[in-house]
Each structure stands twice: as C-alpha cells, then as structure tokens.
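What's in model.pdb: PDB, C-alpha atoms
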```pdb
MODEL        1
ATOM      1  CA  MET A   1     -45.619  38.487  97.184
ATOM      2  CA  LYS A   2     -47.689  41.684  97.134
ATOM      3  CA  HIS A   3     -44.590  43.748  97.947
ATOM      4  CA  THR A   4     -42.769  42.266  94.932
ATOM      5  CA  ARG A   5     -45.685  43.070  92.622
ATOM      6  CA  ILE A   6     -45.650  46.676  93.814
ATOM      7  CA  GLN A   7     -41.899  46.882  93.207
ATOM      8  CA  LYS A   8     -42.317  45.461  89.705
ATOM      9  CA  LEU A   9     -45.135  47.871  88.867
ATOM     10  CA  THR A  10     -43.103  50.771  90.210
ATOM     11  CA  LEU A  11     -40.092  49.790  88.124
ATOM     12  CA  ALA A  12     -42.339  49.296  85.075
ATOM     13  CA  GLY A  13     -43.749  52.800  85.572
ATOM     14  CA  LEU A  14     -40.243  54.213  85.882
ATOM     15  CA  PHE A  15     -39.162  52.413  82.706
ATOM     16  CA  CYS A  16     -42.244  53.735  80.901
ATOM     17  CA  ALA A  17     -41.398  57.285  81.963
ATOM     18  CA  ILE A  18     -37.785  56.887  80.825
ATOM     19  CA  ALA A  19     -38.969  55.558  77.448
ATOM     20  CA  VAL A  20     -41.331  58.505  76.964
ATOM     21  CA  VAL A  21     -38.792  61.131  77.996
ATOM     22  CA  GLY A  22     -36.099  59.321  76.017
ATOM     23  CA  SER A  23     -38.234  59.523  72.883
ATOM     24  CA  MET A  24     -37.562  63.252  72.820
ATOM     25  CA  PHE A  25     -34.125  62.177  71.630
ATOM     26  CA  SER A  26     -35.415  60.502  68.485
ATOM     27  CA  PHE A  27     -34.403  60.944  64.900
ATOM     28  CA  PRO A  28     -36.533  60.632  61.766
ATOM     29  CA  MET A  29     -35.727  57.952  59.227
ATOM     30  CA  PHE A  30     -37.917  57.010  56.253
ATOM     31  CA  GLY A  31     -41.217  58.092  57.800
ATOM     32  CA  SER A  32     -40.497  56.592  61.199
ATOM     33  CA  LYS A  33     -39.239  58.196  64.393
ATOM     34  CA  CYS A  34     -36.350  56.128  65.710
ATOM     35  CA  ALA A  35     -36.202  56.139  69.503
ATOM     36  CA  PRO A  36     -33.335  53.910  70.690
ATOM     37  CA  ILE A  37     -34.139  54.484  74.369
ATOM     38  CA  GLN A  38     -37.338  52.433  73.942
ATOM     39  CA  HIS A  39     -35.256  49.460  72.843
ATOM     40  CA  MET A  40     -32.903  49.909  75.772
ATOM     41  CA  ILE A  41     -35.955  49.798  78.033
ATOM     42  CA  ASN A  42     -37.225  46.653  76.281
ATOM     43  CA  VAL A  43     -34.020  44.825  77.173
ATOM     44  CA  LEU A  44     -33.997  46.133  80.750
ATOM     45  CA  CYS A  45     -37.600  44.971  81.161
ATOM     46  CA  ALA A  46     -36.668  41.560  79.776
ATOM     47  CA  VAL A  47     -33.777  41.194  82.218
ATOM     48  CA  LEU A  48     -35.512  42.580  85.305
ATOM     49  CA  LEU A  49     -39.269  42.165  84.871
ATOM     50  CA  GLY A  50     -40.041  39.572  82.233
ATOM     51  CA  PRO A  51     -41.752  39.525  78.853
ATOM     52  CA  TYR A  52     -45.268  40.493  79.931
ATOM     53  CA  TYR A  53     -44.180  43.560  81.849
ATOM     54  CA  GLY A  54     -42.016  44.420  78.833
ATOM     55  CA  ILE A  55     -45.014  44.326  76.496
ATOM     56  CA  GLY A  56     -47.022  46.433  78.953
ATOM     57  CA  VAL A  57     -44.265  49.032  79.249
ATOM     58  CA  ALA A  58     -43.796  49.134  75.460
ATOM     59  CA  PHE A  59     -47.546  49.562  74.913
ATOM     60  CA  ALA A  60     -47.931  52.253  77.592
ATOM     61  CA  ALA A  61     -44.880  54.169  76.393
ATOM     62  CA  SER A  62     -46.057  53.976  72.763
ATOM     63  CA  LEU A  63     -49.519  55.171  73.753
ATOM     64  CA  ILE A  64     -48.188  58.107  75.774
ATOM     65  CA  ARG A  65     -45.729  58.994  73.018
ATOM     66  CA  ASN A  66     -48.574  59.060  70.483
ATOM     67  CA  LEU A  67     -50.891  61.062  72.735
ATOM     68  CA  THR A  68     -48.195  63.673  73.345
ATOM     69  CA  GLY A  69     -47.067  63.855  69.716
ATOM     70  CA  LEU A  70     -43.647  62.358  70.416
ATOM     71  CA  GLY A  71     -44.185  59.194  68.378
ATOM     72  CA  SER A  72     -46.036  57.663  65.487
ATOM     73  CA  LEU A  73     -48.273  54.623  65.225
ATOM     74  CA  MET A  74     -45.169  52.714  64.153
ATOM     75  CA  ALA A  75     -44.092  52.751  67.808
ATOM     76  CA  PHE A  76     -46.632  50.040  68.650
ATOM     77  CA  PRO A  77     -45.535  47.172  66.393
ATOM     78  CA  GLY A  78     -41.845  47.998  66.647
ATOM     79  CA  SER A  79     -41.549  48.229  70.391
ATOM     80  CA  MET A  80     -44.094  45.603  71.424
ATOM     81  CA  VAL A  81     -42.868  42.782  69.181
ATOM     82  CA  GLY A  82     -39.275  43.468  70.203
ATOM     83  CA  ALA A  83     -40.229  43.536  73.894
ATOM     84  CA  LEU A  84     -42.027  40.208  73.615
ATOM     85  CA  LEU A  85     -39.239  38.450  71.757
ATOM     86  CA  CYS A  86     -36.374  39.688  73.916
ATOM     87  CA  GLY A  87     -38.382  39.012  77.073
ATOM     88  CA  LEU A  88     -39.054  35.439  76.004
ATOM     89  CA  ALA A  89     -35.427  34.966  74.951
ATOM     90  CA  TYR A  90     -34.103  36.091  78.333
ATOM     91  CA  HIS A  91     -36.737  34.116  80.219
ATOM     92  CA  LYS A  92     -35.829  30.900  78.393
ATOM     93  CA  THR A  93     -32.034  31.251  78.073
ATOM     94  CA  ARG A  94     -30.768  33.875  80.554
ATOM     95  CA  SER A  95     -28.317  34.859  77.801
ATOM     96  CA  LEU A  96     -27.771  38.582  77.301
ATOM     97  CA  THR A  97     -26.421  38.041  73.785
ATOM     98  CA  LEU A  98     -29.503  36.107  72.682
ATOM     99  CA  THR A  99     -31.727  38.685  74.373
ATOM    100  CA  LEU A 100     -30.094  41.520  72.438
ATOM    101  CA  LEU A 101     -30.338  39.572  69.170
ATOM    102  CA  ALA A 102     -33.998  38.793  69.874
ATOM    103  CA  GLU A 103     -34.675  42.497  70.474
ATOM    104  CA  VAL A 104     -33.044  43.427  67.171
ATOM    105  CA  PHE A 105     -34.762  40.640  65.203
ATOM    106  CA  GLY A 106     -38.138  41.169  66.880
ATOM    107  CA  THR A 107     -38.154  44.904  66.353
ATOM    108  CA  ALA A 108     -36.408  45.233  63.002
ATOM    109  CA  VAL A 109     -37.712  42.237  61.099
ATOM    110  CA  LEU A 110     -40.975  41.165  62.734
ATOM    111  CA  GLY A 111     -41.945  44.640  63.982
ATOM    112  CA  GLY A 112     -40.971  46.144  60.635
ATOM    113  CA  LEU A 113     -43.162  43.657  58.794
ATOM    114  CA  CYS A 114     -46.049  44.275  61.215
ATOM    115  CA  ALA A 115     -45.696  48.022  60.649
ATOM    116  CA  TYR A 116     -46.552  47.668  56.969
ATOM    117  CA  PRO A 117     -50.260  46.812  57.448
ATOM    118  CA  VAL A 118     -50.499  49.368  60.276
ATOM    119  CA  SER A 119     -49.197  52.004  57.900
ATOM    120  CA  ILE A 120     -51.682  51.061  55.181
ATOM    121  CA  LEU A 121     -54.772  50.410  57.312
ATOM    122  CA  LEU A 122     -54.437  52.984  60.103
ATOM    123  CA  MET A 123     -52.302  55.735  58.612
ATOM    124  CA  GLY A 124     -53.911  55.740  55.187
ATOM    125  CA  ASN A 125     -50.740  55.192  53.180
ATOM    126  CA  SER A 126     -51.238  53.438  49.891
ATOM    127  CA  ALA A 127     -49.333  50.228  49.263
ATOM    128  CA  GLY A 128     -47.635  51.869  46.301
ATOM    129  CA  GLU A 129     -46.138  54.618  48.462
ATOM    130  CA  ILE A 130     -44.189  52.281  50.708
ATOM    131  CA  ALA A 131     -42.360  49.057  50.111
ATOM    132  CA  PHE A 132     -43.263  45.939  52.101
ATOM    133  CA  TYR A 133     -39.910  46.088  53.895
ATOM    134  CA  ALA A 134     -39.772  49.883  54.245
ATOM    135  CA  TYR A 135     -39.813  49.883  58.046
ATOM    136  CA  ILE A 136     -37.194  47.193  58.557
ATOM    137  CA  VAL A 137     -34.208  49.503  57.948
ATOM    138  CA  PRO A 138     -35.269  52.372  60.245
ATOM    139  CA  PHE A 139     -36.353  49.925  62.942
ATOM    140  CA  LEU A 140     -33.005  48.136  62.590
ATOM    141  CA  VAL A 141     -31.054  51.351  63.100
ATOM    142  CA  SER A 142     -33.104  52.295  66.145
ATOM    143  CA  THR A 143     -33.074  48.893  67.819
ATOM    144  CA  ALA A 144     -29.378  48.292  67.127
ATOM    145  CA  ALA A 145     -28.476  51.559  68.861
ATOM    146  CA  GLY A 146     -30.768  50.832  71.806
ATOM    147  CA  SER A 147     -29.492  47.270  72.110
ATOM    148  CA  VAL A 148     -25.881  48.433  72.239
ATOM    149  CA  ILE A 149     -26.735  50.940  74.971
ATOM    150  CA  SER A 150     -28.627  48.326  76.990
ATOM    151  CA  GLY A 151     -25.896  45.733  76.469
ATOM    152  CA  VAL A 152     -23.306  48.091  77.929
ATOM    153  CA  LEU A 153     -25.615  49.005  80.816
ATOM    154  CA  VAL A 154     -26.543  45.398  81.680
ATOM    155  CA  CYS A 155     -22.883  44.308  81.492
ATOM    156  CA  ALA A 156     -21.927  47.124  83.857
ATOM    157  CA  LEU A 157     -24.687  46.064  86.257
ATOM    158  CA  GLN A 158     -23.500  42.439  86.048
ATOM    159  CA  ASN A 159     -19.885  43.378  86.724
ATOM    160  CA  THR A 160     -20.792  45.297  89.864
ATOM    161  CA  GLY A 161     -23.161  42.604  91.108
ATOM    162  CA  ALA A 162     -26.075  45.034  91.117
ATOM    163  CA  LEU A 163     -27.989  43.102  88.465
ATOM    164  CA  GLY A 164     -28.061  39.923  90.516
ATOM    165  CA  ARG A 165     -29.224  41.797  93.608
ATOM    166  CA  MET A 166     -31.952  43.550  91.641
ATOM    167  CA  GLN A 167     -33.145  40.309  90.051
ATOM    168  CA  HIS A 168     -33.151  38.571  93.434
ATOM    169  CA  LYS A 169     -35.107  41.411  95.036
ATOM    170  CA  LEU A 170     -37.709  41.343  92.251
ATOM    171  CA  SER A 171     -38.134  37.564  92.356
ATOM    172  CA  GLN A 172     -38.935  37.186  96.061
TER     173      GLN A 172
ENDMDL
END
```

I need this file expressed as structure tokens, please.
Amino acid sequence: MKHTRIQKLTLAGLFCAIAVVGSMFSFPMFGSKCAPIQHMINVLCAVLLGPYYGIGVAFAASLIRNLTGLGSLMAFPGSMVGALLCGLAYHKTRSLTLTLLAEVFGTAVLGGLCAYPVSILLMGNSAGEIAFYAYIVPFLVSTAAGSVISGVLVCALQNTGALGRMQHKLSQ
C-alpha cells in the first residue's frame, strides 16, 4: 500500500514537471496563455492516478508556472476544473471518449466561466474590458489540442498493453 502511494506521488511529480516544462510551448490567445500540455497531463492523471491527484498536479503546475512567469492566474481555474471533471468521468465510466469530452467541457466551459471572476477580482480587470465568456474560446483551443494529444497517447498505450500494466501496478 505504501509502495503504491510512493509510485503515485512520483508519477504525479513527473506529470507536474512535464506540465511546467510543457508550458514553455504555449501560445497567447485573448489575454490567456494556452498550454495544451497541461490538458494532456490532466487526462493522463485521470487515467492513471484519479481525479484528486489530477487536481493536485494541476494546482501545483499552475502555481509553479505562475511563480516562474510561465503562466497567468487563468491557469488555476482552467486546469483544475478540467482535471476534476475528466478525472471523475474516467473514474465513473472508464471511457476515454467521455474523459476527453469532460476535459474539454470542464476546462473550456466551466473553467472559462470560473476565469471571469478571477480576472475581475484578482487581476484587476474591469467587467467592461472583458466579456463574460471571453475565456471560453482560448480555453477551448488549448484543451482541444491537449485532449487530442492525450487521446492519441492513451490509445497507443492501450494498443501496446502498457496502459493496463501501468494501471494494474498503480492500483495494487
């Protein structure tokens, strides 16, 4: 039991590092930095670690990205809501398709809507400067790209049998 927890924490740390380094390959869109690698990591966390590790990885990666100047405060609502939703979707259904859709919906729609008050309250933007749905489009672009990447990666792992072995090893 303790060995499995250490393996999960190690993998979570590795995923956090990949998300932070991957955010160097971001692109700006409407006041937000789109980092599709974070969304790929959200799905991998959902499939391998579960929703709570996914939220932890998303929070830690967002915090490190902000502290190092690689991200904005928008990283928190976008990545964490998406990580929670896709983690819960995979936990309940074991369906990769539903997990990817939950990541896109959680990040783009719910995370985008949560970003609006963050932008006004914490970043000092006035409500007149940004529309209520202003973060949905950039979050959608970012999460769609990351979900496609993770979908291809998880399918490749499934086809080789590596995914099943990894999941079994992490569930002991």

>> Expand the PyMOL selection byres ((chain A and resi 132-142) around 6) into the explicit residue set it covers here, and present it as a PyMOL selection string.
In response: chain A and resi 29+34-36+108-109+112+131+143-145

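With distances restricted to all atoms listed in the file, A:Leu96 is the closest residue to Gln158 in chain A from A:Met40, A:Leu96, A:Met24, A:Leu85.
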
> Any chance you could work out the residue set of the PyMOL selection byres ((chain A and resi 155) around 12) here, as a ChimeraX atom specification?
Replying inline: /A:43-44,47,95-97,100,147-154,156-164

With C-alpha atoms retained, export the selected residues as a PDB file, keeping the file's coordinate frame.
```
ATOM      1  CA  VAL A  43     -34.020  44.825  77.173  1.00  0.00           C
ATOM      2  CA  LEU A  44     -33.997  46.133  80.750  1.00  0.00           C
ATOM      3  CA  VAL A  47     -33.777  41.194  82.218  1.00  0.00           C
ATOM      4  CA  SER A  95     -28.317  34.859  77.801  1.00  0.00           C
ATOM      5  CA  LEU A  96     -27.771  38.582  77.301  1.00  0.00           C
ATOM      6  CA  THR A  97     -26.421  38.041  73.785  1.00  0.00           C
ATOM      7  CA  LEU A 100     -30.094  41.520  72.438  1.00  0.00           C
ATOM      8  CA  SER A 147     -29.492  47.270  72.110  1.00  0.00           C
ATOM      9  CA  VAL A 148     -25.881  48.433  72.239  1.00  0.00           C
ATOM     10  CA  ILE A 149     -26.735  50.940  74.971  1.00  0.00           C
ATOM     11  CA  SER A 150     -28.627  48.326  76.990  1.00  0.00           C
ATOM     12  CA  GLY A 151     -25.896  45.733  76.469  1.00  0.00           C
ATOM     13  CA  VAL A 152     -23.306  48.091  77.929  1.00  0.00           C
ATOM     14  CA  LEU A 153     -25.615  49.005  80.816  1.00  0.00           C
ATOM     15  CA  VAL A 154     -26.543  45.398  81.680  1.00  0.00           C
ATOM     16  CA  ALA A 156     -21.927  47.124  83.857  1.00  0.00           C
ATOM     17  CA  LEU A 157     -24.687  46.064  86.257  1.00  0.00           C
ATOM     18  CA  GLN A 158     -23.500  42.439  86.048  1.00  0.00           C
ATOM     19  CA  ASN A 159     -19.885  43.378  86.724  1.00  0.00           C
ATOM     20  CA  THR A 160     -20.792  45.297  89.864  1.00  0.00           C
ATOM     21  CA  GLY A 161     -23.161  42.604  91.108  1.00  0.00           C
ATOM     22  CA  ALA A 162     -26.075  45.034  91.117  1.00  0.00           C
ATOM     23  CA  LEU A 163     -27.989  43.102  88.465  1.00  0.00           C
ATOM     24  CA  GLY A 164     -28.061  39.923  90.516  1.00  0.00           C
TER      25      GLY A 164
END
```

> Nearest to Leu9 in chain A among A:Leu88, A:Met74, A:Ile41, A:Val57, with distances taken over all atoms listed in the file: which residue is it?
Replying inline: A:Val57

> Can you list what the PyMOL selection byres ((chain A and resi 172) around 12) grabs from this structure, as a VMD selection string?
Replying inline: chain A and resid 1 to 8 165 to 171

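With all atoms listed in the file as the atoms that count, the minimum distance from Gly22 in chain A to the choices A:Gly87, A:Pro51, A:Ala61, A:Thr10 is reached by A:Ala61.
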
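If you count all atoms listed in the file and draw a sphere of 12 Å around (-39.1, 56.3, 82.4), the protein and nucleic acid residues inside it come out as Thr10, Leu11, Ala12, Gly13, Leu14, Phe15, Cys16, Ala17, Ile18, Ala19, Val20, Val21, Gly22, Ser23, Met24, Ile37, Gln38, Met40, Ile41, Asn42, Leu44, Cys45, Val57, Ala58, Ala60, Ala61, Ile64 and Arg65 of chain A.
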
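Distance annotation: of A:Ala89, A:Leu48, A:Ile55, A:Leu73, the residue with the minimal separation from Glu103 in chain A is A:Ala89; atom set is only C-alpha atoms.
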